[in-house]
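Pasted below: work-v8.txt, compact mmCIF, C-alpha atoms and all ligand atoms.
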```txt
# COMPACT_ATOMS: atom_id res chain seq x y z
CA MET A 1 11.05 -14.35 -4.71
CA PRO A 2 7.83 -15.32 -6.55
CA LEU A 3 4.85 -16.43 -4.51
CA ALA A 4 4.50 -20.20 -4.37
CA ALA A 5 1.28 -20.12 -6.35
CA PRO A 6 0.81 -16.93 -8.39
CA ILE A 7 -2.59 -15.44 -7.71
CA ARG A 8 -4.49 -14.01 -10.68
CA TRP A 9 -7.61 -11.98 -10.91
CA HIS A 10 -9.58 -10.88 -13.87
CA ILE A 11 -10.53 -7.26 -13.29
CA SER A 12 -14.17 -6.94 -14.12
CA GLY A 13 -17.24 -5.08 -13.00
CA SER A 14 -19.19 -2.04 -14.03
CA ARG A 15 -16.58 0.43 -12.68
CA VAL A 16 -13.90 -1.01 -14.94
CA PRO A 17 -13.69 0.10 -18.58
CA ALA A 18 -13.56 -2.81 -21.05
CA HIS A 19 -9.98 -2.07 -22.09
CA ARG A 20 -8.94 -2.54 -18.47
CA ASN A 21 -10.26 -6.10 -18.27
CA ARG A 22 -6.81 -7.59 -17.83
CA ASN A 23 -5.29 -10.33 -15.72
CA VAL A 24 -3.59 -8.96 -12.62
CA SER A 25 -1.06 -11.12 -10.80
CA LEU A 26 0.60 -10.60 -7.43
CA ALA A 27 4.23 -11.35 -6.64
CA VAL A 28 6.99 -10.45 -4.23
CA ALA A 29 9.39 -7.92 -5.78
CA THR A 30 12.94 -8.82 -6.69
CA GLU A 31 15.90 -6.48 -7.02
CA ALA A 32 15.22 -6.22 -10.77
CA ASP A 33 11.95 -4.39 -9.96
CA ALA A 34 13.57 -1.52 -8.03
CA GLY A 35 13.66 0.91 -10.98
CA ALA A 36 10.02 0.32 -11.96
CA ILE A 37 8.89 0.65 -8.31
CA ALA A 38 10.70 3.99 -8.01
CA GLU A 39 9.04 5.17 -11.24
CA LEU A 40 5.60 4.13 -10.01
CA ARG A 41 6.10 5.92 -6.70
CA ALA A 42 7.28 9.04 -8.55
CA ALA A 43 4.14 9.02 -10.72
CA VAL A 44 1.91 8.66 -7.65
CA ALA A 45 3.77 11.43 -5.77
CA HIS A 46 3.42 13.70 -8.81
CA ALA A 47 -0.32 13.03 -9.07
CA LEU A 48 -0.84 13.67 -5.32
CA THR A 49 1.15 16.92 -5.59
CA LEU A 50 -0.95 18.10 -8.54
CA MET A 51 -4.09 17.37 -6.53
CA HIS A 52 -3.06 18.54 -3.06
CA GLY A 53 -0.01 20.79 -3.52
CA GLU A 54 3.50 20.23 -2.17
CA GLY A 55 3.82 18.13 0.98
CA HIS A 56 5.53 15.08 2.47
CA TRP A 57 3.77 13.03 -0.21
CA SER A 58 5.74 14.88 -2.94
CA ALA A 59 8.97 12.98 -2.13
CA SER A 60 8.77 9.56 -3.73
CA GLY A 61 12.20 8.08 -2.98
CA THR A 62 14.96 6.82 -5.23
CA GLU A 63 15.68 3.52 -6.98
CA LYS A 64 18.43 2.94 -4.40
CA GLU A 65 15.88 3.30 -1.60
CA ALA A 66 13.50 0.92 -3.37
CA LEU A 67 16.33 -1.59 -3.66
CA ARG A 68 17.10 -1.30 0.06
CA GLU A 69 13.42 -1.84 0.83
CA ILE A 70 13.29 -4.96 -1.35
CA ARG A 71 16.28 -6.32 0.59
CA THR A 72 14.95 -5.52 4.06
CA SER A 73 11.19 -6.03 3.79
CA ARG A 74 8.59 -7.88 1.70
CA VAL A 75 7.58 -5.69 -1.21
CA ILE A 76 4.41 -6.96 -2.89
CA LEU A 77 3.58 -6.03 -6.46
CA ALA A 78 0.41 -6.15 -8.54
CA ARG A 79 1.21 -6.46 -12.22
CA VAL A 80 -0.15 -7.08 -15.65
CA GLY A 81 2.61 -8.76 -17.61
CA ALA A 82 5.76 -6.71 -17.01
CA GLU A 83 3.81 -3.59 -16.05
CA ILE A 84 3.59 -2.80 -12.32
CA LEU A 85 0.18 -1.41 -11.34
CA GLY A 86 0.65 -1.16 -7.59
CA THR A 87 2.89 -1.91 -4.65
CA LEU A 88 3.10 -2.02 -0.87
CA SER A 89 5.72 -3.11 1.65
CA LEU A 90 5.49 -5.21 4.80
CA ALA A 91 8.30 -4.84 7.33
CA THR A 92 9.00 -5.95 10.89
CA LYS A 93 10.93 -2.73 11.59
CA LYS A 94 8.78 0.02 13.06
CA PRO A 95 8.78 3.28 11.10
CA TRP A 96 9.83 6.37 13.09
CA ALA A 97 6.37 7.94 12.80
CA ILE A 98 4.65 5.05 14.60
CA ALA A 99 4.22 5.23 18.38
CA PRO A 100 3.67 1.61 19.50
CA GLU A 101 1.68 2.51 22.64
CA TYR A 102 -1.39 3.29 20.51
CA PHE A 103 -1.62 -0.27 19.15
CA THR A 104 -2.89 -3.57 20.53
CA PRO A 105 0.11 -5.53 21.85
CA VAL A 106 0.89 -8.59 19.69
CA THR A 107 3.84 -10.97 19.51
CA ARG A 108 4.84 -9.80 16.03
CA ALA A 109 3.48 -6.78 14.20
CA LEU A 110 4.13 -6.00 10.55
CA TYR A 111 4.21 -2.41 9.32
CA LEU A 112 2.55 -1.68 6.00
CA ARG A 113 4.30 1.13 4.14
CA ASP A 114 4.58 2.78 0.75
CA MET A 115 1.18 1.73 -0.58
CA ALA A 116 0.81 3.12 -4.09
CA VAL A 117 -1.32 2.31 -7.12
CA ALA A 118 -0.42 3.83 -10.51
CA PRO A 119 -2.68 6.85 -11.15
CA ALA A 120 -4.16 5.27 -14.30
CA ALA A 121 -4.99 2.05 -12.43
CA GLN A 122 -6.60 3.60 -9.33
CA GLY A 123 -10.22 2.89 -8.51
CA GLN A 124 -10.21 -0.54 -10.17
CA GLY A 125 -9.68 -2.77 -7.15
CA VAL A 126 -5.89 -3.07 -7.37
CA GLY A 127 -5.37 -1.52 -3.92
CA ARG A 128 -7.91 -3.85 -2.35
CA ARG A 129 -6.20 -6.88 -3.91
CA LEU A 130 -2.83 -5.72 -2.61
CA LEU A 131 -4.30 -5.42 0.91
CA ALA A 132 -5.79 -8.91 0.64
CA GLU A 133 -2.38 -10.27 -0.34
CA ALA A 134 -0.74 -8.33 2.51
CA GLU A 135 -3.20 -9.91 4.94
CA ARG A 136 -2.61 -13.40 3.51
CA SER A 137 1.13 -12.89 3.65
CA ALA A 138 1.03 -11.54 7.23
CA ARG A 139 -1.06 -14.49 8.45
CA ALA A 140 1.42 -16.92 6.88
CA TRP A 141 4.42 -15.00 8.32
CA PRO A 142 2.95 -15.46 11.03
CA ALA A 143 2.14 -12.02 12.47
CA GLY A 144 -0.51 -10.88 14.94
CA ALA A 145 -1.31 -7.56 13.31
CA ILE A 146 -0.68 -5.21 10.42
CA ARG A 147 -0.10 -1.61 11.50
CA LEU A 148 0.11 1.55 9.42
CA ASP A 149 -0.16 5.29 9.48
CA ALA A 150 -2.10 7.35 6.94
CA TYR A 151 -2.12 11.08 6.37
CA ASP A 152 -4.99 12.72 8.26
CA GLY A 153 -6.78 14.97 5.78
CA ALA A 154 -7.87 15.06 2.15
CA VAL A 155 -4.58 13.60 0.90
CA GLY A 156 -4.84 10.57 3.19
CA ALA A 157 -6.29 7.19 2.31
CA GLY A 158 -7.69 6.40 5.77
CA GLY A 159 -11.13 5.64 4.32
CA PHE A 160 -9.59 3.04 2.02
CA TYR A 161 -7.99 1.13 4.93
CA ALA A 162 -11.13 1.48 7.07
CA GLN A 163 -13.24 0.00 4.24
CA TYR A 164 -10.97 -3.03 4.21
CA GLY A 165 -11.39 -3.58 7.97
CA PHE A 166 -8.49 -1.68 9.51
CA LYS A 167 -9.48 -0.02 12.81
CA GLU A 168 -8.39 3.46 13.73
CA VAL A 169 -6.39 3.36 16.98
CA GLY A 170 -5.09 6.90 17.29
CA ARG A 171 -4.33 10.31 15.82
CA VAL A 172 -1.02 12.07 16.26
CA VAL A 173 0.98 14.89 14.78
CA TYR A 174 4.45 13.67 13.85
CA ARG A 175 6.94 16.41 12.98
CA GLY A 176 4.11 18.72 11.96
CA THR A 177 2.24 16.09 9.91
CA PRO A 178 -1.18 14.90 11.18
CA LEU A 179 -1.41 11.11 10.99
CA ILE A 180 -4.04 8.46 11.71
CA TYR A 181 -2.90 5.10 13.04
CA PHE A 182 -4.67 1.94 11.84
CA GLU A 183 -4.33 -1.73 12.73
CA LEU A 184 -5.71 -4.99 11.40
CA LEU A 185 -5.63 -7.69 14.06
CA LEU A 186 -5.01 -11.17 12.70
CA THR A 187 -5.46 -13.25 15.83
C1 LIG L 201 -5.17 4.76 -1.88
C2 LIG L 201 -4.89 3.74 -2.98
C3 LIG L 201 -3.73 2.84 -2.55
C4 LIG L 201 -6.14 2.88 -3.19
O1 LIG L 201 -5.90 1.94 -4.23
P1 LIG L 201 -6.99 1.77 -5.41
O2 LIG L 201 -6.53 0.67 -6.27
O3 LIG L 201 -7.21 3.09 -6.03
O4 LIG L 201 -8.26 1.36 -4.54
P2 LIG L 201 -9.40 0.31 -4.91
O5 LIG L 201 -9.84 0.54 -6.32
O6 LIG L 201 -8.95 -1.05 -4.55
O7 LIG L 201 -10.55 0.84 -3.93
C5 LIG L 201 -11.14 0.08 -2.94
C6 LIG L 201 -12.13 0.98 -2.23
O8 LIG L 201 -11.44 2.00 -1.48
C7 LIG L 201 -11.95 3.30 -1.84
N1 LIG L 201 -10.83 4.25 -1.87
C8 LIG L 201 -9.82 4.27 -2.75
N2 LIG L 201 -8.98 5.27 -2.46
C9 LIG L 201 -9.48 5.91 -1.38
C10 LIG L 201 -9.06 7.04 -0.61
N3 LIG L 201 -7.94 7.73 -0.90
N4 LIG L 201 -9.83 7.40 0.45
C11 LIG L 201 -10.95 6.73 0.76
N5 LIG L 201 -11.42 5.64 0.07
C12 LIG L 201 -10.68 5.26 -1.00
C13 LIG L 201 -12.54 3.11 -3.23
O9 LIG L 201 -13.51 4.10 -3.47
C14 LIG L 201 -13.08 1.71 -3.19
O10 LIG L 201 -14.36 1.72 -2.60
P3 LIG L 201 -15.63 1.11 -3.40
O11 LIG L 201 -15.28 -0.34 -3.62
O12 LIG L 201 -16.76 1.33 -2.43
O13 LIG L 201 -15.70 1.89 -4.64
C15 LIG L 201 -4.55 4.41 -4.33
O14 LIG L 201 -5.65 5.18 -4.76
C16 LIG L 201 -3.31 5.29 -4.27
O15 LIG L 201 -2.21 4.81 -4.51
N6 LIG L 201 -3.50 6.59 -4.00
C17 LIG L 201 -2.39 7.52 -3.97
C18 LIG L 201 -1.37 7.22 -2.93
C19 LIG L 201 -1.91 7.15 -1.53
O16 LIG L 201 -2.88 7.84 -1.20
N7 LIG L 201 -1.27 6.27 -0.72
C20 LIG L 201 -1.63 6.09 0.65
C21 LIG L 201 -1.05 7.18 1.51
S1 LIG L 201 -1.74 7.12 3.15
```
Give the structure from the file, written as structure tokens.
Amino acid sequence: MPLAAPIRWHISGSRVPAHRNRNVSLAVATEADAGAIAELRAAVAHALTLMHGEGHWSASGTEKEALREIRTSRVILARVGAEILGTLSLATKKPWAIAPEYFTPVTRALYLRDMAVAPAAQGQGVGRRLLAEAERSARAWPAGAIRLDAYDGAVGAGGFYAQYGFKEVGRVVYRGTPLIYFELLLT
């Protein structure tokens, strides 16, 4: 399902090498994207494993799982042409690792999952643009909040979500993995 009006950005700025000055568009994934999403997640899992060693982050999921996610949630993609640079998912179903009592009660919460930007495209604003689209999409849903969990520790991206405006609401250890809970209230 394409977005009604495709949103395009021109990546620019001093942090971006000239050859990366390309038009990035955002769209909702279709079933045809499942293979490329699985490949992107595998590349990100591999890069995290090289950097931080084996962990939960080393398992990236299969194409079949990506397909199921596309069917049951809203998977947002950032792309340049046919190339997928980044992805995230918004779902109404609460992930197992999230304990709702830590979060501000809202009528409908969306859970942001599987945020990943291709290793070669990281640090160029793609993640921030995906979050902006997630927020826009959640407001239009409509939803009262976006909730997520991030790994607590060097491998986690908690600082990235905090920079965008997500507030930390709790820290837990779920099945041996330390997590930080974040929420972005939309009301
Ligand atoms: C985390 C991730 C999604 C961020 O996407 P990105 O496109 O690299 O981020 P952006 O370029 O939009 O960065 C926006 C800001 O967040 C900061 N940031 C990026 N990754 C960060 C991290 N892991 N921790 C803290 N801050 C981070 C950037 O420095 C940048 O700040 P600046 O504007 O002051 O320079 C991406 O790096 C990624 O996929 N990493 C590997 C997978 C992962 O960690 N997923 C989340 C698991 S909890």
Counting only C-alpha atoms and all ligand atoms, what residues are within 7 Å of ligand LIG 201 (chain L), given as a ChimeraX atom specification?
/A:44,48,114-119,121-129,149-151,155-160,163
Can you work out the spacing between atom CA of A:Ile84 and atom CA of A:Ala59 in Å, to one decimal?
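Distance between the two atoms: 19.5 Å.
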Provide the atom CA of A:Arg79 to atom CA of A:Trp96 distance in Å, to one decimal place.
29.7 Å
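Reported to one decimal place, the separation of atom CA of A:Arg41 from atom CA of A:Gly86 is 9.0 Å.
Nearest residue to A:Glu39, choosing from A:Ile76, A:Leu185, A:Ile146, A:Ala66 and counting only C-alpha atoms: A:Ala66.
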Box along x, y and z, 8 Å on every side, all listed atoms of stretch 128-140 of chain A inside: centre and edge lengths in Å to one decimal, as lines of an AutoDock Vina configuration file.
```
center_x = -3.2
center_y = -10.4
center_z = 2.3
size_x = 25.3
size_y = 29.1
size_z = 28.4
```
Excluding A:Arg175 and any residue of its chain fewer than 2 positions from it, enumerate the residues within 12 Å of it, using only C-alpha atoms, and give them as a list in words.
His56, Trp96, Ala97, Ile98, Val172, Val173, Thr177, Pro178 and Leu179 of chain A
Do you know which residues are at most 6 Å from A:Phe166 counting only C-alpha atoms, after dropping those on the same chain fewer than 5 positions away, and could you put them as number ranges by chain?
A: 161, 182-184
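With all atoms listed in the file as the basis for measurement, A:Ala99 is the residue among A:Leu40, A:Ala99, A:Leu186, A:Leu77 that approaches A:Gly170 most closely.
With only C-alpha atoms as the atoms that count, the residue of A:His46, A:Lys64, A:Arg139, A:Arg74 with the shortest distance to A:Ser89 is A:Arg74.
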Around (0.0, -10.7, 6.5) in the file's own coordinates, what residues are found within 10 Å if you use all atoms listed in the file, given back as a PyMOL selection string?
chain A and resi 90+109-112+131-146+184-186
In terms of the shortest atom-to-atom distance over all atoms listed in the file, which of A:Ala120, A:Gly81, A:Lys94, A:Arg108 is closest to A:Asn23?
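Checking each candidate against A:Asn23, we get A:Gly81 as the closest.
Among the candidates A:Leu148, A:Ala38, A:Ala154, A:Ala43, the residue lying nearest to A:Glu168 is A:Leu148 (atoms considered: only C-alpha atoms).
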